Amino acid sequence: MDIWRLPPLLIIHLKRFETRGHRSEKLKWHVDYPIEKLDLNKYVVNDDLETNMDNYRLYAVSNHCGDMEFGHSTAMCRHLELNEWFNFDDERISKVHKRESIVSSYAYILFYSRI
């Protein structure tokens, strides 16, 4: 399979749940993903496209903490005008101060936009 063009918005779903027989469990591995520049140029075979057309910047993350039986979902989103991150947890919104909060083992859906 060849990739000729990537979309303006890219959504990556990380496999965080695994079924083994009749039992399911949550996978809690840390995945290090880029915030500022996800470069996918090496995966695109079309040389006619402009350079850097396939670079992405993270703008939101869906998180899940807990296990298969009980858990809680939150989201982190970048305010595009302020270029700052905010955490959305039910009725509470707070500013994110540390990169470690954005890149965590709780992330399961990553939202990227083309730079």
# chains A, B, ... in the order shown; residues from 1 in each chain; ligands from 1

$ residues_around --residues "His64 in chain A" --least-positions-apart "6" --cutoff "9 Å" --atoms "only C-alpha atoms" --output "PyMOL selection string"
chain A and resi 71-75+105-108

$ select_by_dssp --residues "chain A" --states "helix (DSSP H, G or I)" --output "JSON, numbers by chain"
{"A": [41, 42, 43, 99, 100, 101, 102]}

$ write_last_selection --atoms "C-alpha atoms" --output "short mmCIF file (atom, residue, chain, number, x, y, z; two decimals), in the first residue's frame"
data_model
loop_
_atom_site.label_atom_id
_atom_site.label_comp_id
_atom_site.auth_asym_id
_atom_site.auth_seq_id
_atom_site.Cartn_x
_atom_site.Cartn_y
_atom_site.Cartn_z
CA ASN A 41 6.94 12.95 4.83
CA LYS A 42 8.95 9.72 4.67
CA TYR A 43 5.71 7.70 4.38
CA ARG A 99 4.56 18.73 28.84
CA GLU A 100 4.47 15.48 30.83
CA SER A 101 0.77 16.10 31.38
CA ILE A 102 0.10 16.20 27.63
#

$ closest_atom_pairs --of "range 52-93 of chain A" --to "range 1-25 of chain A" --cutoff "8 Å" --atoms "only C-alpha atoms" --output "Markdown table"
| residue | atom | partner | partner_atom | distance |
| --- | --- | --- | --- | --- |
| A:Asp54 | CA | A:Leu6 | CA | 6.6 |
| A:Tyr56 | CA | A:Leu10 | CA | 8.0 |
| A:Asp67 | CA | A:Glu25 | CA | 7.2 |
| A:Met68 | CA | A:Glu25 | CA | 6.1 |

$ write_last_selection --atoms "all heavy atoms" --output "PDB file, in the first residue's frame"
ATOM      1  N   ASP A  54       3.288  17.330   4.963  1.00  0.00           N
ATOM      2  CA  ASP A  54       2.810  16.226   5.763  1.00  0.00           C
ATOM      3  C   ASP A  54       3.358  16.282   7.186  1.00  0.00           C
ATOM      4  O   ASP A  54       3.618  15.265   7.805  1.00  0.00           O
ATOM      5  CB  ASP A  54       3.153  14.904   5.070  1.00  0.00           C
ATOM      6  CG  ASP A  54       2.512  14.833   3.697  1.00  0.00           C
ATOM      7  OD1 ASP A  54       1.299  15.100   3.612  1.00  0.00           O
ATOM      8  OD2 ASP A  54       3.211  14.567   2.727  1.00  0.00           O
ATOM      9  N   TYR A  56       2.539  17.601  11.051  1.00  0.00           N
ATOM     10  CA  TYR A  56       1.345  17.846  11.848  1.00  0.00           C
ATOM     11  C   TYR A  56       1.713  18.375  13.232  1.00  0.00           C
ATOM     12  O   TYR A  56       2.786  18.089  13.749  1.00  0.00           O
ATOM     13  CB  TYR A  56       0.552  16.547  12.019  1.00  0.00           C
ATOM     14  CG  TYR A  56      -0.096  16.068  10.752  1.00  0.00           C
ATOM     15  CD1 TYR A  56       0.591  15.245   9.869  1.00  0.00           C
ATOM     16  CD2 TYR A  56      -1.390  16.434  10.440  1.00  0.00           C
ATOM     17  CE1 TYR A  56      -0.006  14.793   8.708  1.00  0.00           C
ATOM     18  CE2 TYR A  56      -1.998  15.986   9.277  1.00  0.00           C
ATOM     19  CZ  TYR A  56      -1.297  15.168   8.417  1.00  0.00           C
ATOM     20  OH  TYR A  56      -1.893  14.731   7.273  1.00  0.00           O
ATOM     21  N   ASP A  67      -9.486   1.462  34.710  1.00  0.00           N
ATOM     22  CA  ASP A  67      -9.341   0.174  34.053  1.00  0.00           C
ATOM     23  C   ASP A  67     -10.591  -0.125  33.223  1.00  0.00           C
ATOM     24  O   ASP A  67     -11.393   0.756  32.962  1.00  0.00           O
ATOM     25  CB  ASP A  67      -9.070  -0.925  35.080  1.00  0.00           C
ATOM     26  CG  ASP A  67     -10.160  -1.021  36.148  1.00  0.00           C
ATOM     27  OD1 ASP A  67     -11.298  -0.598  35.875  1.00  0.00           O
ATOM     28  OD2 ASP A  67      -9.869  -1.527  37.241  1.00  0.00           O
ATOM     29  N   MET A  68     -10.745  -1.387  32.825  1.00  0.00           N
ATOM     30  CA  MET A  68     -11.866  -1.762  31.969  1.00  0.00           C
ATOM     31  C   MET A  68     -13.211  -1.688  32.699  1.00  0.00           C
ATOM     32  O   MET A  68     -14.233  -1.428  32.088  1.00  0.00           O
ATOM     33  CB  MET A  68     -11.660  -3.193  31.449  1.00  0.00           C
ATOM     34  CG  MET A  68     -10.463  -3.343  30.546  1.00  0.00           C
ATOM     35  SD  MET A  68     -10.695  -2.515  28.985  1.00  0.00           S
ATOM     36  CE  MET A  68     -11.963  -3.512  28.256  1.00  0.00           C
TER      37      MET A  68
END

$ closest_residue --among "A:Asn55, A:Glu69, A:Arg114, A:Asn63" --to "Asn87 in chain A" --atoms "only C-alpha atoms"
A:Asn63

$ atom_distance --atom1 "CA of Arg57 in chain A" --atom2 "CA of Tyr112 in chain A"
5.3 Å

$ closest_residue --among "A:Leu27, A:Ile109, A:Val44, A:Ile115" --to "Met76 in chain A" --atoms "only C-alpha atoms"
A:Ile109

$ decode --residues "range 21-35 of chain A" --atoms "N, CA and C atoms" --output "tab-separated table (two decimals), in the first residue's frame"
chain	number	residue	atom	x	y	z
A	21	GLY	N	-8.75	-14.12	25.36
A	21	GLY	CA	-9.80	-15.10	25.67
A	21	GLY	C	-11.06	-14.39	26.11
A	22	HIS	N	-11.51	-14.68	27.32
A	22	HIS	CA	-12.73	-14.03	27.86
A	22	HIS	C	-12.39	-12.84	28.74
A	23	ARG	N	-11.12	-12.50	28.79
A	23	ARG	CA	-10.69	-11.43	29.70
A	23	ARG	C	-10.13	-10.25	28.91
A	24	SER	N	-10.51	-9.05	29.31
A	24	SER	CA	-10.00	-7.83	28.69
A	24	SER	C	-9.21	-7.04	29.73
A	25	GLU	N	-8.18	-6.36	29.27
A	25	GLU	CA	-7.40	-5.53	30.18
A	25	GLU	C	-6.95	-4.27	29.47
A	26	LYS	N	-6.66	-3.26	30.27
A	26	LYS	CA	-6.20	-1.99	29.73
A	26	LYS	C	-4.68	-2.02	29.63
A	27	LEU	N	-4.18	-1.54	28.49
A	27	LEU	CA	-2.74	-1.44	28.27
A	27	LEU	C	-2.29	-0.06	28.73
A	28	LYS	N	-1.31	-0.01	29.62
A	28	LYS	CA	-0.88	1.26	30.22
A	28	LYS	C	0.52	1.66	29.80
A	29	TRP	N	0.97	1.20	28.64
A	29	TRP	CA	2.31	1.54	28.17
A	29	TRP	C	2.39	3.02	27.84
A	30	HIS	N	3.55	3.59	28.10
A	30	HIS	CA	3.79	4.98	27.73
A	30	HIS	C	4.14	5.05	26.25
A	31	VAL	N	3.47	5.91	25.53
A	31	VAL	CA	3.76	6.15	24.12
A	31	VAL	C	4.21	7.59	24.01
A	32	ASP	N	5.43	7.79	23.50
A	32	ASP	CA	5.95	9.14	23.35
A	32	ASP	C	5.57	9.66	21.97
A	33	TYR	N	4.70	10.63	21.91
A	33	TYR	CA	4.24	11.19	20.63
A	33	TYR	C	4.59	12.67	20.60
A	34	PRO	N	4.88	13.19	19.40
A	34	PRO	CA	5.28	14.60	19.29
A	34	PRO	C	4.10	15.55	19.47
A	35	ILE	N	4.40	16.69	20.05
A	35	ILE	CA	3.39	17.73	20.23
A	35	ILE	C	3.48	18.75	19.10
